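See below for entry-v1.csv, which holds CSV, C-alpha atoms.
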```csv
chain,number,residue,atom,x,y,z
D,1,MET,CA,127.5,174.6,-86.9
D,2,THR,CA,130.6,173.9,-88.9
D,3,ILE,CA,130.9,172.2,-92.3
D,4,ALA,CA,134.0,170.9,-93.7
D,5,THR,CA,134.8,168.3,-96.4
D,6,GLN,CA,136.0,165.1,-94.9
D,7,PRO,CA,137.3,163.2,-97.9
D,8,GLY,CA,138.5,159.6,-98.1
D,9,GLY,CA,136.9,158.2,-94.9
D,10,GLY,CA,137.8,161.0,-92.6
D,11,ASN,CA,134.2,160.7,-91.4
D,12,SER,CA,134.1,157.8,-89.0
D,13,SER,CA,130.3,157.5,-89.4
D,14,ARG,CA,130.7,156.6,-93.0
D,15,PRO,CA,130.8,152.8,-93.2
D,16,GLN,CA,132.6,152.6,-96.6
D,17,PRO,CA,134.0,155.2,-98.9
D,18,SER,CA,132.1,155.5,-102.1
D,19,GLY,CA,133.8,155.2,-105.4
D,20,LEU,CA,133.5,157.3,-108.5
D,21,ALA,CA,130.9,155.1,-110.0
D,22,ASP,CA,128.7,155.5,-106.9
D,23,VAL,CA,129.2,159.2,-107.0
D,24,ILE,CA,128.3,159.4,-110.7
D,25,ASP,CA,125.1,157.4,-110.1
D,26,THR,CA,124.2,159.7,-107.3
D,27,ILE,CA,125.0,163.3,-108.2
D,28,LEU,CA,124.6,163.2,-111.9
D,29,ASP,CA,121.3,161.4,-111.7
D,30,LYS,CA,119.7,162.5,-108.5
D,31,GLY,CA,119.2,165.7,-106.6
D,32,LEU,CA,117.3,168.9,-107.2
D,33,VAL,CA,117.4,170.3,-110.7
D,34,ILE,CA,117.2,174.1,-111.1
D,35,ASP,CA,114.8,175.4,-113.7
D,36,ALA,CA,116.5,175.4,-117.1
D,37,TYR,CA,115.9,179.1,-117.6
D,38,VAL,CA,117.9,180.3,-114.6
D,39,ARG,CA,120.7,177.8,-115.0
D,40,VAL,CA,123.8,178.8,-116.7
D,41,SER,CA,124.9,176.0,-118.9
D,42,LEU,CA,128.3,174.4,-118.5
D,43,VAL,CA,130.2,172.3,-121.0
D,44,GLY,CA,131.6,168.9,-120.2
D,45,ILE,CA,128.8,167.4,-118.1
D,46,GLU,CA,126.4,165.8,-120.5
D,47,LEU,CA,129.1,163.6,-122.1
D,48,LEU,CA,130.1,162.2,-118.7
D,49,THR,CA,126.5,161.4,-118.0
D,50,ILE,CA,126.2,159.4,-121.2
D,51,ASP,CA,129.5,157.6,-120.7
D,52,ALA,CA,128.4,156.5,-117.3
D,53,ARG,CA,125.3,154.7,-118.6
D,54,ILE,CA,125.7,150.9,-118.9
D,55,VAL,CA,123.4,149.1,-121.2
D,56,ILE,CA,121.6,146.3,-119.5
D,57,ALA,CA,120.3,143.2,-121.5
D,58,SER,CA,121.6,143.9,-125.0
D,59,VAL,CA,123.1,141.3,-127.4
D,60,ASP,CA,126.5,142.5,-126.1
D,61,THR,CA,125.5,141.6,-122.6
D,62,TYR,CA,124.3,138.2,-123.8
D,63,LEU,CA,127.6,137.4,-125.6
D,64,ARG,CA,129.5,138.5,-122.5
D,65,PHE,CA,127.5,136.2,-120.3
D,66,ALA,CA,128.1,133.4,-122.8
D,67,GLU,CA,131.8,134.0,-122.7
D,68,ALA,CA,131.8,134.0,-118.9
D,69,VAL,CA,130.0,130.6,-119.0
D,70,ASN,CA,132.5,129.4,-121.5
D,71,ARG,CA,135.4,130.3,-119.2
D,72,LEU,CA,133.5,128.7,-116.3
D,73,ASP,CA,133.1,125.4,-118.3
D,74,ILE,CA,136.8,125.3,-119.2
D,75,SER,CA,137.9,125.8,-115.6
D,76,GLN,CA,135.5,123.1,-114.4
D,77,GLU,CA,136.8,120.6,-117.0
D,78,LYS,CA,140.3,121.2,-115.9
D,79,GLU,CA,139.3,120.5,-112.3
D,80,GLY,CA,137.7,117.3,-113.5
D,81,LEU,CA,141.0,116.0,-115.0
D,82,PRO,CA,143.2,115.5,-112.0
D,83,GLY,CA,146.8,114.8,-112.5
D,84,LEU,CA,146.8,115.9,-116.1
D,85,VAL,CA,147.2,119.6,-115.6
D,86,GLY,CA,149.1,120.3,-112.4
D,87,ASP,CA,150.5,123.8,-112.7
D,88,LEU,CA,148.0,124.7,-115.4
D,89,GLU,CA,145.2,124.3,-113.0
D,90,GLU,CA,146.4,127.2,-110.9
D,91,GLY,CA,147.0,129.2,-114.0
D,92,GLY,CA,143.5,128.4,-115.2
D,93,ALA,CA,142.0,129.5,-112.0
D,94,LYS,CA,143.8,132.7,-112.1
D,95,HIS,CA,142.7,133.3,-115.6
D,96,LYS,CA,139.0,132.8,-115.0
D,97,THR,CA,139.0,135.2,-112.1
D,98,LYS,CA,140.9,137.8,-114.0
D,99,GLY,CA,138.6,137.2,-117.0
D,100,ALA,CA,135.4,137.9,-115.2
D,101,LEU,CA,133.7,141.2,-115.9
D,102,GLU,CA,135.4,142.1,-119.0
D,103,ALA,CA,134.1,144.5,-121.7
D,104,ALA,CA,131.3,146.8,-120.8
D,105,GLY,CA,132.0,149.1,-117.9
D,106,ASP,CA,135.7,148.4,-118.2
D,107,LYS,CA,136.3,151.9,-119.3
D,108,LEU,CA,134.4,153.3,-116.4
D,109,ARG,CA,136.1,151.0,-114.0
D,110,GLU,CA,139.5,151.9,-115.3
D,111,PHE,CA,138.6,155.5,-115.0
D,112,THR,CA,137.4,154.9,-111.5
D,113,GLU,CA,140.6,153.2,-110.5
D,114,SER,CA,142.8,155.8,-111.9
D,115,GLN,CA,140.8,158.6,-110.4
D,116,THR,CA,140.6,156.9,-107.0
D,117,GLY,CA,144.3,157.6,-106.7
D,118,ASP,CA,143.7,161.2,-107.5
D,119,ARG,CA,141.1,161.3,-104.9
D,120,GLU,CA,143.2,159.9,-102.2
D,121,HIS,CA,145.8,162.4,-103.1
D,122,ALA,CA,143.3,165.2,-102.9
D,123,GLY,CA,142.2,163.9,-99.5
D,124,ARG,CA,145.7,164.0,-98.2
D,125,ARG,CA,146.2,167.5,-99.4
D,126,SER,CA,143.0,168.6,-97.9
D,127,ARG,CA,143.7,167.0,-94.5
D,128,GLY,CA,147.1,168.6,-94.5
D,129,ARG,CA,145.5,172.0,-95.0
D,130,GLU,CA,143.2,171.5,-92.1
D,131,ASP,CA,146.1,170.8,-89.7
A,132,MET,CA,141.9,189.4,-104.5
A,133,THR,CA,141.6,186.3,-106.6
A,134,ALA,CA,141.5,186.3,-110.3
A,135,GLN,CA,137.9,185.1,-110.2
A,136,ALA,CA,136.9,187.9,-107.9
A,137,GLU,CA,138.6,190.4,-110.1
A,138,ALA,CA,136.9,189.1,-113.2
A,139,LYS,CA,133.6,189.4,-111.4
A,140,LYS,CA,134.3,192.9,-110.3
A,141,SER,CA,135.2,194.0,-113.8
A,142,GLY,CA,131.9,192.7,-115.0
A,143,ASP,CA,133.3,189.7,-116.8
A,144,SER,CA,130.3,187.4,-117.3
A,145,ARG,CA,132.3,184.3,-117.5
A,146,THR,CA,132.2,183.6,-113.8
A,147,GLY,CA,129.2,181.8,-112.3
A,148,VAL,CA,128.0,180.8,-108.9
A,149,TYR,CA,128.0,177.0,-108.5
A,150,VAL,CA,125.3,175.8,-106.1
A,151,TYR,CA,125.8,172.6,-104.1
A,152,GLY,CA,122.8,172.4,-101.9
A,153,ILE,CA,120.3,174.2,-99.6
A,154,LEU,CA,120.3,174.0,-95.9
A,155,PRO,CA,118.2,175.4,-93.0
A,156,GLY,CA,119.5,178.2,-90.8
A,157,ASP,CA,122.7,179.9,-90.4
A,158,ILE,CA,125.7,177.8,-91.5
A,159,GLU,CA,129.3,178.4,-90.6
A,160,ILE,CA,131.7,177.1,-93.2
A,161,GLU,CA,135.2,176.3,-92.3
A,162,PRO,CA,137.4,178.9,-94.0
A,163,GLY,CA,139.4,177.5,-96.9
A,164,THR,CA,137.0,174.7,-97.8
A,165,ALA,CA,137.6,174.1,-101.5
A,166,GLY,CA,134.8,173.9,-104.0
A,167,VAL,CA,134.7,172.6,-107.5
A,168,GLY,CA,136.8,173.9,-110.4
A,169,ASP,CA,140.5,174.3,-111.1
A,170,PRO,CA,141.6,176.3,-109.3
A,171,PRO,CA,138.8,175.6,-106.8
A,172,GLY,CA,136.6,178.5,-105.6
A,173,GLU,CA,136.2,178.8,-101.8
A,174,VAL,CA,132.9,177.5,-100.5
A,175,ARG,CA,130.7,180.2,-99.0
A,176,SER,CA,127.1,180.6,-98.1
A,177,ILE,CA,124.3,182.8,-99.5
A,178,ARG,CA,121.5,183.5,-97.0
A,179,TYR,CA,117.9,184.1,-97.9
A,180,ARG,CA,115.6,184.4,-94.9
A,181,ASP,CA,116.2,181.2,-92.9
A,182,LEU,CA,117.6,179.3,-95.9
A,183,THR,CA,121.3,179.0,-96.8
A,184,ALA,CA,122.7,178.0,-100.1
A,185,LEU,CA,126.2,176.5,-100.2
A,186,VAL,CA,128.0,177.9,-103.2
A,187,SER,CA,131.4,178.7,-104.7
A,188,ASP,CA,132.5,180.8,-107.7
A,189,VAL,CA,133.4,178.9,-110.9
A,190,ASP,CA,135.1,179.9,-114.1
A,191,LEU,CA,132.6,179.2,-116.9
A,192,ASP,CA,135.3,178.8,-119.5
A,193,ARG,CA,136.6,175.7,-117.9
A,194,PRO,CA,134.5,172.5,-118.1
A,195,LEU,CA,133.5,170.9,-114.8
A,196,GLY,CA,133.1,167.2,-114.4
A,197,ARG,CA,136.6,166.0,-113.4
A,198,ALA,CA,136.4,163.2,-110.9
A,199,GLU,CA,137.7,165.6,-108.3
A,200,ASP,CA,134.8,168.0,-109.0
A,201,LEU,CA,132.3,165.2,-108.5
A,202,PHE,CA,133.8,164.0,-105.2
A,203,THR,CA,134.0,167.6,-104.0
A,204,HIS,CA,130.3,168.1,-104.7
A,205,GLU,CA,129.2,164.9,-103.0
A,206,GLU,CA,131.5,165.1,-100.0
A,207,LEU,CA,130.6,168.6,-99.2
A,208,LEU,CA,126.9,167.7,-99.1
A,209,ASP,CA,127.4,164.3,-97.4
A,210,SER,CA,129.5,165.8,-94.6
A,211,SER,CA,126.7,168.3,-94.1
A,212,ALA,CA,124.0,165.7,-94.3
A,213,ALA,CA,125.6,163.8,-91.4
A,214,GLU,CA,124.8,166.8,-89.2
A,215,MET,CA,121.6,168.4,-90.6
A,216,ALA,CA,119.0,168.3,-93.3
A,217,VAL,CA,120.3,169.3,-96.7
A,218,LEU,CA,118.7,169.6,-100.1
A,219,PRO,CA,121.3,168.4,-102.5
A,220,LEU,CA,121.3,169.9,-106.0
A,221,ARG,CA,122.3,167.8,-109.0
A,222,PHE,CA,125.8,168.2,-110.1
A,223,GLY,CA,126.3,171.2,-112.4
A,224,ALA,CA,123.9,173.8,-111.1
A,225,VAL,CA,125.4,177.2,-111.9
A,226,LEU,CA,123.6,180.5,-111.6
A,227,ALA,CA,124.7,183.9,-113.0
A,228,SER,CA,125.3,185.7,-109.6
A,229,ASP,CA,124.7,185.8,-105.9
A,230,ASP,CA,121.5,187.8,-106.6
A,231,ALA,CA,120.3,185.1,-108.9
A,232,VAL,CA,120.7,182.5,-106.2
A,233,SER,CA,118.5,184.6,-103.8
A,234,ASP,CA,116.0,186.0,-106.3
A,235,GLU,CA,115.6,183.1,-108.8
A,236,LEU,CA,116.3,180.0,-106.7
A,237,LEU,CA,115.7,180.5,-103.0
A,238,GLY,CA,113.0,183.2,-103.2
A,239,PRO,CA,110.6,181.6,-105.7
A,240,HIS,CA,110.9,178.1,-104.1
A,241,TYR,CA,111.2,179.2,-100.5
A,242,ASP,CA,108.1,177.3,-99.3
A,243,GLU,CA,108.9,174.1,-101.2
A,244,PHE,CA,112.5,174.1,-99.9
A,245,THR,CA,111.4,174.8,-96.3
A,246,ASP,CA,108.8,172.0,-96.4
A,247,ALA,CA,111.3,169.6,-97.9
A,248,LEU,CA,114.0,170.4,-95.3
A,249,ARG,CA,111.4,170.0,-92.5
A,250,GLN,CA,110.6,166.5,-93.9
A,251,LEU,CA,114.3,165.5,-94.1
A,252,GLU,CA,115.1,166.8,-90.6
A,253,GLY,CA,116.8,164.1,-88.6
A,254,HIS,CA,117.3,161.8,-91.6
A,255,ALA,CA,120.1,160.8,-93.9
A,256,GLU,CA,120.2,158.7,-97.0
A,257,TYR,CA,122.0,155.3,-97.1
A,258,VAL,CA,122.5,153.3,-100.3
A,259,VAL,CA,122.8,149.6,-100.3
A,260,LYS,CA,124.5,148.1,-103.3
A,261,GLY,CA,125.1,144.4,-104.0
A,262,ARG,CA,126.8,142.7,-106.9
A,263,TYR,CA,126.5,139.0,-107.8
A,264,VAL,CA,129.7,137.1,-107.7
A,265,GLU,CA,129.9,136.1,-111.3
A,266,GLN,CA,131.1,132.5,-110.9
A,267,THR,CA,128.6,131.7,-108.2
A,268,VAL,CA,125.6,133.1,-110.0
A,269,LEU,CA,126.6,131.5,-113.3
A,270,GLY,CA,127.1,128.1,-111.5
A,271,GLU,CA,123.6,128.5,-110.0
A,272,VAL,CA,122.0,129.2,-113.4
A,273,LEU,CA,123.7,126.3,-115.1
A,274,ALA,CA,122.8,123.9,-112.3
A,275,GLU,CA,119.1,124.8,-112.4
A,276,ASN,CA,118.6,125.2,-116.1
A,277,PRO,CA,119.4,122.2,-118.3
A,278,GLU,CA,119.0,124.2,-121.5
A,279,ALA,CA,121.7,126.6,-120.3
A,280,ALA,CA,124.0,123.8,-119.3
A,281,GLN,CA,123.5,122.2,-122.8
A,282,LEU,CA,124.2,125.5,-124.6
A,283,GLY,CA,127.2,125.9,-122.4
A,284,GLN,CA,128.6,122.6,-123.6
A,285,GLN,CA,127.8,123.5,-127.3
A,286,ILE,CA,129.9,126.7,-127.2
A,287,SER,CA,132.7,125.2,-125.1
A,288,GLY,CA,135.8,125.4,-127.2
A,289,ALA,CA,133.8,126.1,-130.3
A,290,ASP,CA,134.4,128.9,-132.8
A,291,PRO,CA,132.6,132.0,-131.3
A,292,ASP,CA,131.4,133.1,-134.8
A,293,ALA,CA,129.9,129.7,-135.7
A,294,THR,CA,128.1,129.4,-132.3
A,295,ARG,CA,127.0,133.0,-132.1
A,296,ASP,CA,123.3,132.1,-132.0
A,297,GLN,CA,123.8,129.6,-129.2
A,298,ARG,CA,125.8,132.2,-127.3
A,299,ILE,CA,123.1,134.8,-127.6
A,300,GLN,CA,120.5,132.3,-126.5
A,301,LEU,CA,122.6,131.2,-123.5
A,302,GLY,CA,123.4,134.8,-122.6
A,303,GLU,CA,119.7,135.7,-122.7
A,304,ILE,CA,118.8,132.8,-120.4
A,305,VAL,CA,121.6,133.9,-118.0
A,306,SER,CA,120.4,137.5,-118.2
A,307,ASN,CA,116.8,136.6,-117.5
A,308,ALA,CA,117.8,134.4,-114.6
A,309,ILE,CA,119.9,137.2,-113.1
A,310,GLU,CA,117.0,139.6,-113.5
A,311,ALA,CA,114.7,137.2,-111.7
A,312,ARG,CA,117.2,136.8,-108.9
A,313,ARG,CA,117.6,140.6,-108.8
A,314,GLN,CA,113.9,141.1,-108.2
A,315,ALA,CA,113.8,138.4,-105.5
A,316,ASP,CA,116.9,139.7,-103.7
A,317,THR,CA,115.7,143.3,-103.9
A,318,ARG,CA,112.4,142.2,-102.2
A,319,ALA,CA,114.5,140.4,-99.5
A,320,LEU,CA,116.5,143.5,-98.9
A,321,GLY,CA,113.3,145.6,-98.6
A,322,ASP,CA,111.8,143.1,-96.1
A,323,ALA,CA,115.0,143.0,-94.1
A,324,VAL,CA,115.2,146.8,-93.6
A,325,ALA,CA,111.5,147.7,-93.7
A,326,ASP,CA,111.2,148.6,-90.0
A,327,ARG,CA,114.4,150.7,-89.9
A,328,VAL,CA,113.7,153.0,-92.8
A,329,THR,CA,111.4,155.9,-93.4
A,330,ALA,CA,111.3,155.7,-97.2
A,331,SER,CA,113.0,153.7,-99.9
A,332,VAL,CA,113.8,154.0,-103.6
A,333,VAL,CA,115.0,151.1,-105.8
A,334,ARG,CA,117.6,152.4,-108.2
A,335,PRO,CA,117.9,150.9,-111.7
A,336,PRO,CA,120.8,148.5,-111.9
A,337,SER,CA,124.1,150.2,-112.9
A,338,HIS,CA,125.8,147.0,-113.9
A,339,GLU,CA,124.6,143.7,-115.4
A,340,LEU,CA,125.7,141.8,-112.3
A,341,ASP,CA,124.0,144.2,-109.9
A,342,ALA,CA,122.0,142.2,-107.4
A,343,VAL,CA,120.4,144.9,-105.3
A,344,TYR,CA,120.7,148.7,-105.6
A,345,ALA,CA,118.5,150.8,-103.4
A,346,ALA,CA,118.5,154.1,-101.4
A,347,PHE,CA,116.9,154.4,-98.0
A,348,LEU,CA,115.9,157.5,-96.0
A,349,VAL,CA,116.9,156.6,-92.4
A,350,GLU,CA,116.3,158.4,-89.1
A,351,THR,CA,119.6,159.2,-87.5
A,352,GLY,CA,118.8,157.1,-84.5
A,353,LYS,CA,118.1,154.0,-86.7
A,354,ALA,CA,121.3,154.1,-88.7
A,355,ASP,CA,123.0,151.5,-86.5
A,356,ALA,CA,119.9,149.2,-86.7
A,357,LEU,CA,120.0,149.5,-90.5
A,358,ARG,CA,123.7,148.7,-90.5
A,359,GLN,CA,123.0,145.5,-88.4
A,360,ALA,CA,120.3,144.4,-90.8
A,361,VAL,CA,122.5,144.9,-93.8
A,362,GLU,CA,125.4,143.0,-92.1
A,363,GLN,CA,123.0,140.2,-91.3
A,364,LEU,CA,121.9,140.0,-94.9
A,365,ALA,CA,125.5,140.1,-96.1
A,366,SER,CA,126.3,137.1,-94.0
A,367,GLU,CA,123.2,135.2,-95.2
A,368,TRP,CA,124.1,135.9,-98.8
A,369,GLY,CA,127.6,134.8,-98.2
A,370,ASP,CA,129.6,134.3,-101.4
A,371,ARG,CA,126.6,134.9,-103.7
A,372,ILE,CA,126.6,138.7,-103.4
A,373,ASP,CA,129.1,141.3,-102.4
A,374,LEU,CA,127.1,143.8,-100.4
A,375,ARG,CA,128.0,147.4,-99.5
A,376,LEU,CA,126.4,150.0,-97.4
A,377,ILE,CA,127.2,153.6,-98.4
A,378,GLY,CA,126.3,156.6,-96.2
A,379,PRO,CA,125.3,158.7,-94.5
A,380,LEU,CA,124.6,160.7,-97.7
A,381,ALA,CA,122.6,163.8,-98.5
A,382,ALA,CA,119.1,162.7,-99.5
A,383,TYR,CA,119.6,162.7,-103.2
A,384,ASP,CA,117.0,160.1,-103.9
A,385,PHE,CA,114.3,161.8,-101.8
A,386,VAL,CA,114.1,165.4,-102.9
A,387,GLY,CA,111.9,164.7,-106.0
A,388,ASN,CA,108.8,166.4,-104.5
A,389,ALA,CA,110.6,169.6,-103.9
A,390,ALA,CA,112.2,169.7,-107.3
A,391,PRO,CA,111.4,172.8,-109.2
A,392,ALA,CA,112.4,171.0,-112.4
A,393,GLU,CA,108.8,170.5,-113.4
A,394,ASN,CA,108.8,174.0,-114.8
A,395,ALA,CA,111.8,173.3,-116.9
A,396,GLY,CA,111.3,174.1,-120.5
A,397,ASN,CA,108.1,176.1,-119.9
```
Just dump the structure as structure tokens.
Amino acid sequence: MTIATQPGGGNSSRPQPSGLADVIDTILDKGLVIDAYVRVSLVGIELLTIDARIVIASVDTYLRFAEAVNRLDISQEKEGLPGLVGDLEEGGAKHKTKGALEAAGDKLREFTESQTGDREHAGRRSRGRED
Amino acid sequence: MTAQAEAKKSGDSRTGVYVYGILPGDIEIEPGTAGVGDPPGEVRSIRYRDLTALVSDVDLDRPLGRAEDLFTHEELLDSSAAEMAVLPLRFGAVLASDDAVSDELLGPHYDEFTDALRQLEGHAEYVVKGRYVEQTVLGEVLAENPEAAQLGQQISGADPDATRDQRIQLGEIVSNAIEARRQADTRALGDAVADRVTASVVRPPSHELDAVYAAFLVETGKADALRQAVEQLASEWGDRIDLRLIGPLAAYDFVGNAAPAENAGN
């Protein structure tokens, strides 16, 4: 039986490629752990684990939700004033979409996005090598 | 001879053996398969009786944990899991030498690993992850909760500092409402896939807008049925929840019983 890495969706049985956030959730948090005394320690892993944690239900979360509601209200008011805004309405709609999901997790997302490019690059390299 | 191999030969203790996972039987690895690290070590196997560990050499002086390392680890295991049972190790497992892999990992845990691999045979893991569409879920909460709607009006256009208390109050209502939905939607997901999965694990939410997040151990023959159930659910949930099915994966969430980690620290 042959094993080969098949990055970036090369495996047709994989419904959707997983992103870095999914990978972090999985392989930093799950899987067998070797007994501490036989394991050789490596630097640079613990930090990443901590960065990947996203705090649920803190005051920050509440404030973020409130701000999201605030944006929602503003956009609805604009829609409720026909004729007054015109072009602004479109601008407002764009803004509220873009404004969603700010703050927490942004760092991780940015990291994910920037690394996704790397990953695709790596995938191409890897496929090229297999040819 | 690579620099790593030379370092190893000269007795330099700064090279370790990175272990990805454990598989049954004799495994043929495609030559040139790159492992973790920069430069990457070549993936090879270490055999102990009828168990095989997938490993590669790593330089201990360079930190691991680049995104590429994480992807390499997972993709190597997932591509294996699509074909056979595999016990995935958590990222970052490094032993001192090939002998340590045989004598300290595979040998002492031979029975556990063999049992676990037997249980996983013919299965793979799938993860279902759903996220609430923020505008939709916020609209629902405001529509059903007059207090939230009132607070929303109070903070609208007001100085954020002056309305901090109202904001926190509103945010807490929203957060609780989302948590209630999360529980109900997770139950709905469990019901929808119940007859297609062997085991399931609900993962803690990784994001405040997570709707469902669960891992399922699925027989190879039932993978299509699972996919259909998830697609059905996705269409029922429509624009409320963005739903994704990820897999087949190695059974990361289902190897707990075989984990020798219980001895850690003793």
Please, what distance in Å, to one decimal, runs between CA of Gly270 in chain A and CA of Glu310 in chain A?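 So the two atoms, CA of Gly270 in chain A and CA of Glu310 in chain A, lie 15.4 Å apart.
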Which residues come within 10 Å of Gly31 in chain D, counting all atoms listed in the file, excluding same-chain residues fewer than 6 positions away, as a list in words? Tyr151, Gly152, Leu218, Pro219, Leu220, Arg221, Phe222, Ala381, Ala382, Tyr383, Asp384, Phe385, Val386, Gly387, Ala389 and Ala390 of chain A
Within 7 Å of chain D: residues of chain A, using all atoms listed in the file, as a VMD selection string: chain A and resid 158 to 161 164 191 194 to 196 198 to 199 201 to 202 205 to 207 210 to 211 219 to 222 224 to 227 235 265 269 283 286 to 287 298 to 299 301 to 303 305 to 306 337 to 339 376 to 379 383 to 384 386 to 387 390 to 392 394 to 396
Do you have the CA of Asp296 in chain A-CA of Pro277 in chain A distance handy?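 Those two atoms sit 17.3 Å apart.
Counting from CA of Leu340 in chain A, the distance to CA of Asn307 in chain A is 11.5 Å.
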Please fill the gaps in range 176-193 of chain A so it has N, CA and C atoms, and write that as a short mmCIF file (atom, residue, chain, number, x, y, z; two decimals), in the frame of the given file.
```
data_model
loop_
_atom_site.label_atom_id
_atom_site.label_comp_id
_atom_site.auth_asym_id
_atom_site.auth_seq_id
_atom_site.Cartn_x
_atom_site.Cartn_y
_atom_site.Cartn_z
N SER A 176 128.53 180.80 -98.21
CA SER A 176 127.10 180.60 -98.10
C SER A 176 126.36 181.89 -98.59
N ILE A 177 125.17 181.68 -99.12
CA ILE A 177 124.30 182.80 -99.50
C ILE A 177 123.01 182.61 -98.68
N ARG A 178 122.66 183.64 -97.92
CA ARG A 178 121.50 183.50 -97.00
C ARG A 178 120.30 184.15 -97.63
N TYR A 179 119.16 183.48 -97.50
CA TYR A 179 117.90 184.10 -97.90
C TYR A 179 116.89 183.71 -96.80
N ARG A 180 116.40 184.70 -96.04
CA ARG A 180 115.60 184.40 -94.90
C ARG A 180 116.23 183.36 -94.03
N ASP A 181 115.54 182.23 -93.75
CA ASP A 181 116.20 181.20 -92.90
C ASP A 181 116.74 180.04 -93.77
N LEU A 182 116.98 180.30 -95.04
CA LEU A 182 117.60 179.30 -95.90
C LEU A 182 119.04 179.71 -96.23
N THR A 183 119.90 178.71 -96.39
CA THR A 183 121.30 179.00 -96.80
C THR A 183 121.65 178.12 -97.98
N ALA A 184 122.19 178.74 -99.01
CA ALA A 184 122.70 178.00 -100.10
C ALA A 184 124.22 177.87 -100.01
N LEU A 185 124.76 176.66 -100.18
CA LEU A 185 126.20 176.50 -100.20
C LEU A 185 126.65 176.69 -101.66
N VAL A 186 127.59 177.60 -101.86
CA VAL A 186 128.00 177.90 -103.20
C VAL A 186 129.53 178.15 -103.28
N SER A 187 130.04 178.18 -104.51
CA SER A 187 131.40 178.70 -104.70
C SER A 187 131.44 179.27 -106.14
N ASP A 188 132.40 180.19 -106.38
CA ASP A 188 132.50 180.80 -107.70
C ASP A 188 133.20 179.78 -108.66
N VAL A 189 132.71 179.73 -109.90
CA VAL A 189 133.40 178.90 -110.90
C VAL A 189 133.64 179.69 -112.17
N ASP A 190 134.71 179.31 -112.83
CA ASP A 190 135.10 179.90 -114.10
C ASP A 190 134.28 179.15 -115.18
N LEU A 191 133.43 179.86 -115.90
CA LEU A 191 132.60 179.20 -116.90
C LEU A 191 133.29 178.75 -118.13
N ASP A 192 134.52 179.21 -118.29
CA ASP A 192 135.30 178.80 -119.50
C ASP A 192 135.97 177.47 -119.33
N ARG A 193 135.96 176.97 -118.10
CA ARG A 193 136.60 175.70 -117.90
C ARG A 193 135.50 174.63 -117.63
#
```
